[in-house]
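First comes the structure, then the notes that go with it.
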Amino acid sequence: MIGFTKLLCGTATVSDVIKYRGKGDTPPQLLQFSDNSRPLVVWNATNRCNLRCQHCYIDAEDRKFKDELTTEEAQRFIEDLAEMGVPVLLFSGGEPLLRKDLFELGRQAADLGLRPVLSTNGTLITDDIALQIKEAGFQYVGVSIDGAPDTHDRFRNRQGAFNEAMEGLRACMRLGMKTGIRFTVNSLNQQDLPEVIDIIAAEGIPRFCMYHLVYAGRGEEMRNLDISFEEKRRVMDLLIEKTIALHEQGVEVEILTTDNHADGIYLANYMRKYIKERVGEVDQLLDMHGGCSAGTKFANVDPRGNVHPCQFWQDYILGNVREKPFSQIWTGDDELLVQLRCKTEHVKGKCGRCNYKHYCGGCRIRARAVYGDLWAEDPGCYLSEDEIQAKGD
């Protein structure tokens, strides 16, 4: 993740990060800069979903799926994560609220010292469900919004999905829970981005994370709907403008982007021109962040217990938690994991030439989807040759 608010507005500093380096109690807002080798784990608790979204990376749908982890298997998995010292367990889906033991498992995670968070489409959250989410110990609820109401409903293939999602968010906020909106930008919804940010400010939603399109699952079918390089740059300029303006207005919202670490380089180059006094610190923070965290600070476990380097890498299985504990799989000698943990030695083309490759490393899934080579340059990088060589100017 690239923390626009943290980097542009100085809400995170190198001294803040150093205070927790090498320790196991890094605050959640600083995890993106942590040197902790224990990853944030996203568990797709079920493939089942009450919606069928155009950009779903696991092709979820509203039916029962066979061979998903049982309650007992999930409990053993969570116990292992806690013993390993994993900082966050994100319950995702499908729609995790369709899993009947979700609150039981969330409570177990919280009681064992994990930080359980929930990623949901929001449509199933009533006041009663929100209370159960809070009482289960979930510390954050992220809801996916795809644009203004009509746009969102089209993406979700359901009339009224936007209003239902917003009501779910409000129910959580009324209970004092931290919430956020996730937005995947593409050519069909980029025009709605300013309106979505205005909604966040008006509703008092404290977090906004914009995802770039990754060509996986139904998202792979949308490859041709990715926005152009020029459009990506305009989106970055808009986010910079909105981040600074909201901060100056005293609106407490954190703006982030993910799935394209070129955003960090774009931000650093912007600051070289306009906020020079923070350039040194931002460079250090981006270096601490280390770019794409697939296989390093980030892991995915699917509904059947298969472990993947990230949630978009569903076709590569590192192992299965039914057969071996996650902790042993993650600390093993799988060839891809070893390579991902020294990715700057393997990237080619534009990524290989980039002076910022240790800040970024590109998206290996996009590279493989377009070029058939996971170490090829990231086709989603919108930076010019001058920009990737600008460091130190």
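Identifiers for the structure tokens are assigned positionally: chains receive A, B, ... in sequence, residues are indexed from 1 per chain, and ligands are indexed from 1 in the order shown.
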Report as a tab-separated table (two decimals) with N, CA and C atoms, in the first residue's frame: the residues of region 41-172 of chain A with a DSSP assignment of alpha helix (DSSP H), based on the backbone of this structure.
```tsv
chain	number	residue	atom	x	y	z
A	71	THR	N	-14.97	-25.62	10.68
A	71	THR	CA	-14.72	-24.78	11.85
A	71	THR	C	-13.47	-25.27	12.59
A	72	GLU	N	-13.37	-26.56	12.80
A	72	GLU	CA	-12.23	-27.11	13.54
A	72	GLU	C	-10.92	-26.87	12.80
A	73	GLU	N	-10.93	-27.06	11.48
A	73	GLU	CA	-9.71	-26.81	10.69
A	73	GLU	C	-9.33	-25.34	10.73
A	74	ALA	N	-10.33	-24.47	10.63
A	74	ALA	CA	-10.07	-23.03	10.69
A	74	ALA	C	-9.51	-22.64	12.05
A	75	GLN	N	-10.02	-23.25	13.11
A	75	GLN	CA	-9.52	-22.95	14.45
A	75	GLN	C	-8.06	-23.32	14.61
A	76	ARG	N	-7.67	-24.48	14.08
A	76	ARG	CA	-6.26	-24.89	14.14
A	76	ARG	C	-5.39	-23.93	13.34
A	77	PHE	N	-5.88	-23.52	12.19
A	77	PHE	CA	-5.18	-22.55	11.34
A	77	PHE	C	-4.97	-21.24	12.08
A	78	ILE	N	-5.99	-20.74	12.74
A	78	ILE	CA	-5.89	-19.48	13.49
A	78	ILE	C	-4.94	-19.62	14.67
A	79	GLU	N	-4.98	-20.76	15.36
A	79	GLU	CA	-4.05	-20.99	16.47
A	79	GLU	C	-2.60	-20.93	15.99
A	80	ASP	N	-2.35	-21.51	14.83
A	80	ASP	CA	-0.99	-21.50	14.28
A	80	ASP	C	-0.55	-20.08	13.93
A	81	LEU	N	-1.46	-19.29	13.34
A	81	LEU	CA	-1.12	-17.90	13.01
A	81	LEU	C	-0.78	-17.12	14.27
A	82	ALA	N	-1.55	-17.35	15.33
A	82	ALA	CA	-1.30	-16.64	16.59
A	82	ALA	C	0.06	-17.04	17.18
A	83	GLU	N	0.37	-18.32	17.15
A	83	GLU	CA	1.66	-18.78	17.67
A	83	GLU	C	2.81	-18.21	16.84
A	84	MET	N	2.58	-18.03	15.56
A	84	MET	CA	3.60	-17.47	14.67
A	84	MET	C	3.79	-15.97	14.90
A	102	LEU	N	-18.33	-17.34	11.37
A	102	LEU	CA	-17.44	-16.18	11.24
A	102	LEU	C	-17.20	-15.50	12.57
A	103	PHE	N	-18.26	-15.24	13.33
A	103	PHE	CA	-18.09	-14.50	14.58
A	103	PHE	C	-17.33	-15.33	15.61
A	104	GLU	N	-17.56	-16.62	15.62
A	104	GLU	CA	-16.82	-17.51	16.51
A	104	GLU	C	-15.32	-17.48	16.19
A	105	LEU	N	-15.01	-17.51	14.89
A	105	LEU	CA	-13.60	-17.51	14.48
A	105	LEU	C	-12.95	-16.14	14.69
A	106	GLY	N	-13.72	-15.08	14.46
A	106	GLY	CA	-13.20	-13.74	14.72
A	106	GLY	C	-12.87	-13.56	16.18
A	107	ARG	N	-13.75	-14.02	17.07
A	107	ARG	CA	-13.52	-13.92	18.51
A	107	ARG	C	-12.28	-14.72	18.91
A	108	GLN	N	-12.13	-15.92	18.34
A	108	GLN	CA	-10.94	-16.72	18.65
A	108	GLN	C	-9.67	-15.95	18.26
A	109	ALA	N	-9.67	-15.38	17.05
A	109	ALA	CA	-8.50	-14.64	16.59
A	109	ALA	C	-8.18	-13.48	17.53
A	110	ALA	N	-9.21	-12.73	17.91
A	110	ALA	CA	-9.01	-11.59	18.80
A	110	ALA	C	-8.49	-12.04	20.16
A	111	ASP	N	-9.06	-13.10	20.70
A	111	ASP	CA	-8.65	-13.60	22.02
A	111	ASP	C	-7.21	-14.09	22.02
A	127	ASP	N	-28.01	-3.43	11.73
A	127	ASP	CA	-27.57	-3.00	13.06
A	127	ASP	C	-27.20	-4.20	13.93
A	128	ASP	N	-27.98	-5.26	13.84
A	128	ASP	CA	-27.71	-6.46	14.64
A	128	ASP	C	-26.41	-7.13	14.21
A	129	ILE	N	-26.19	-7.25	12.90
A	129	ILE	CA	-24.96	-7.86	12.40
A	129	ILE	C	-23.75	-7.01	12.77
A	130	ALA	N	-23.90	-5.70	12.68
A	130	ALA	CA	-22.79	-4.80	13.06
A	130	ALA	C	-22.40	-5.01	14.52
A	131	LEU	N	-23.39	-5.18	15.37
A	131	LEU	CA	-23.11	-5.42	16.78
A	131	LEU	C	-22.37	-6.74	16.96
A	132	GLN	N	-22.78	-7.75	16.23
A	132	GLN	CA	-22.10	-9.05	16.32
A	132	GLN	C	-20.65	-8.94	15.81
A	133	ILE	N	-20.45	-8.15	14.77
A	133	ILE	CA	-19.09	-7.94	14.26
A	133	ILE	C	-18.21	-7.30	15.34
A	134	LYS	N	-18.75	-6.29	15.98
A	134	LYS	CA	-17.99	-5.61	17.03
A	134	LYS	C	-17.72	-6.54	18.22
A	135	GLU	N	-18.75	-7.25	18.66
A	135	GLU	CA	-18.60	-8.12	19.82
A	135	GLU	C	-17.67	-9.29	19.53
A	149	PRO	N	-23.73	5.57	-7.08
A	149	PRO	CA	-24.73	4.50	-6.93
A	149	PRO	C	-25.03	3.67	-8.17
A	150	ASP	N	-25.31	4.32	-9.30
A	150	ASP	CA	-25.66	3.54	-10.50
A	150	ASP	C	-24.48	2.69	-10.98
A	151	THR	N	-23.28	3.27	-10.95
A	151	THR	CA	-22.09	2.54	-11.38
A	151	THR	C	-21.86	1.33	-10.48
A	152	HIS	N	-21.93	1.56	-9.17
A	152	HIS	CA	-21.71	0.48	-8.22
A	152	HIS	C	-22.72	-0.65	-8.44
A	153	ASP	N	-23.96	-0.32	-8.61
A	153	ASP	CA	-24.99	-1.34	-8.79
A	153	ASP	C	-24.74	-2.16	-10.05
A	154	ARG	N	-24.26	-1.51	-11.12
A	154	ARG	CA	-23.94	-2.25	-12.35
A	154	ARG	C	-22.80	-3.23	-12.11
A	155	PHE	N	-21.75	-2.77	-11.44
A	155	PHE	CA	-20.61	-3.64	-11.16
A	155	PHE	C	-21.01	-4.83	-10.29
A	156	ARG	N	-21.91	-4.57	-9.36
A	156	ARG	CA	-22.31	-5.61	-8.41
A	156	ARG	C	-23.47	-6.46	-8.92
A	161	ALA	N	-27.53	-2.15	-4.45
A	161	ALA	CA	-26.36	-2.64	-3.72
A	161	ALA	C	-25.58	-1.49	-3.08
A	162	PHE	N	-25.53	-0.34	-3.76
A	162	PHE	CA	-24.80	0.81	-3.19
A	162	PHE	C	-25.43	1.26	-1.88
A	163	ASN	N	-26.74	1.45	-1.89
A	163	ASN	CA	-27.42	1.91	-0.68
A	163	ASN	C	-27.29	0.89	0.46
A	164	GLU	N	-27.36	-0.38	0.12
A	164	GLU	CA	-27.21	-1.43	1.14
A	164	GLU	C	-25.80	-1.40	1.74
A	165	ALA	N	-24.78	-1.21	0.88
A	165	ALA	CA	-23.40	-1.17	1.36
A	165	ALA	C	-23.18	0.03	2.27
A	166	MET	N	-23.72	1.18	1.88
A	166	MET	CA	-23.55	2.38	2.69
A	166	MET	C	-24.27	2.25	4.02
A	167	GLU	N	-25.44	1.64	4.02
A	167	GLU	CA	-26.15	1.41	5.28
A	167	GLU	C	-25.35	0.48	6.19
A	168	GLY	N	-24.70	-0.51	5.60
A	168	GLY	CA	-23.84	-1.39	6.38
A	168	GLY	C	-22.68	-0.65	7.01
A	169	LEU	N	-22.06	0.23	6.25
A	169	LEU	CA	-20.98	1.06	6.79
A	169	LEU	C	-21.47	1.94	7.93
A	170	ARG	N	-22.60	2.57	7.73
A	170	ARG	CA	-23.14	3.47	8.77
A	170	ARG	C	-23.47	2.70	10.05
A	171	ALA	N	-23.98	1.47	9.90
A	171	ALA	CA	-24.30	0.67	11.07
A	171	ALA	C	-23.04	0.40	11.90
A	172	CYS	N	-21.94	0.12	11.22
A	172	CYS	CA	-20.67	-0.11	11.93
A	172	CYS	C	-20.16	1.18	12.57
```
Sorted per-residue table, region 159-228 of chain A near region 360-375 of chain A, closest atoms and distance, 10 Å, only C-alpha atoms, as a tab-separated table:
```
residue	atom	partner	partner_atom	distance
A:Leu213	CA	A:Arg366	CA	9.0
A:Val214	CA	A:Arg366	CA	6.2
A:Tyr215	CA	A:Arg366	CA	5.8
A:Ala216	CA	A:Ile365	CA	7.6
A:Glu220	CA	A:Ala369	CA	8.0
A:Arg223	CA	A:Ala369	CA	9.1
```
*For the atom pair CA of Asp146 (chain A) and CA of Leu7 (chain A), what is the interatomic distance in Å to one decimal place?*
25.2 Å
*Per DSSP on the backbone, what are the strand (DSSP E or B) residues of region 213-285 of chain A, as number ranges by chain?*
A: 254-258
Could you save the residues just selected, with C-alpha atoms, as an mmCIF file, in the first residue's frame?
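Result file again-v3.cif:
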```cif
data_model
loop_
_atom_site.group_PDB
_atom_site.id
_atom_site.type_symbol
_atom_site.label_atom_id
_atom_site.label_comp_id
_atom_site.auth_asym_id
_atom_site.auth_seq_id
_atom_site.Cartn_x
_atom_site.Cartn_y
_atom_site.Cartn_z
ATOM 1 C CA GLU A 254 -6.498 8.332 5.308
ATOM 2 C CA ILE A 255 -6.031 7.893 1.561
ATOM 3 C CA LEU A 256 -4.030 4.965 0.211
ATOM 4 C CA THR A 257 -3.491 3.091 -3.045
ATOM 5 C CA THR A 258 -2.502 -0.512 -3.649
#
```
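Considering the residues A:Glu248, A:Glu231, A:Glu387, A:Glu203 and counting only C-alpha atoms, Gly264 (chain A) has its shortest atom-to-atom contact with A:Glu387.
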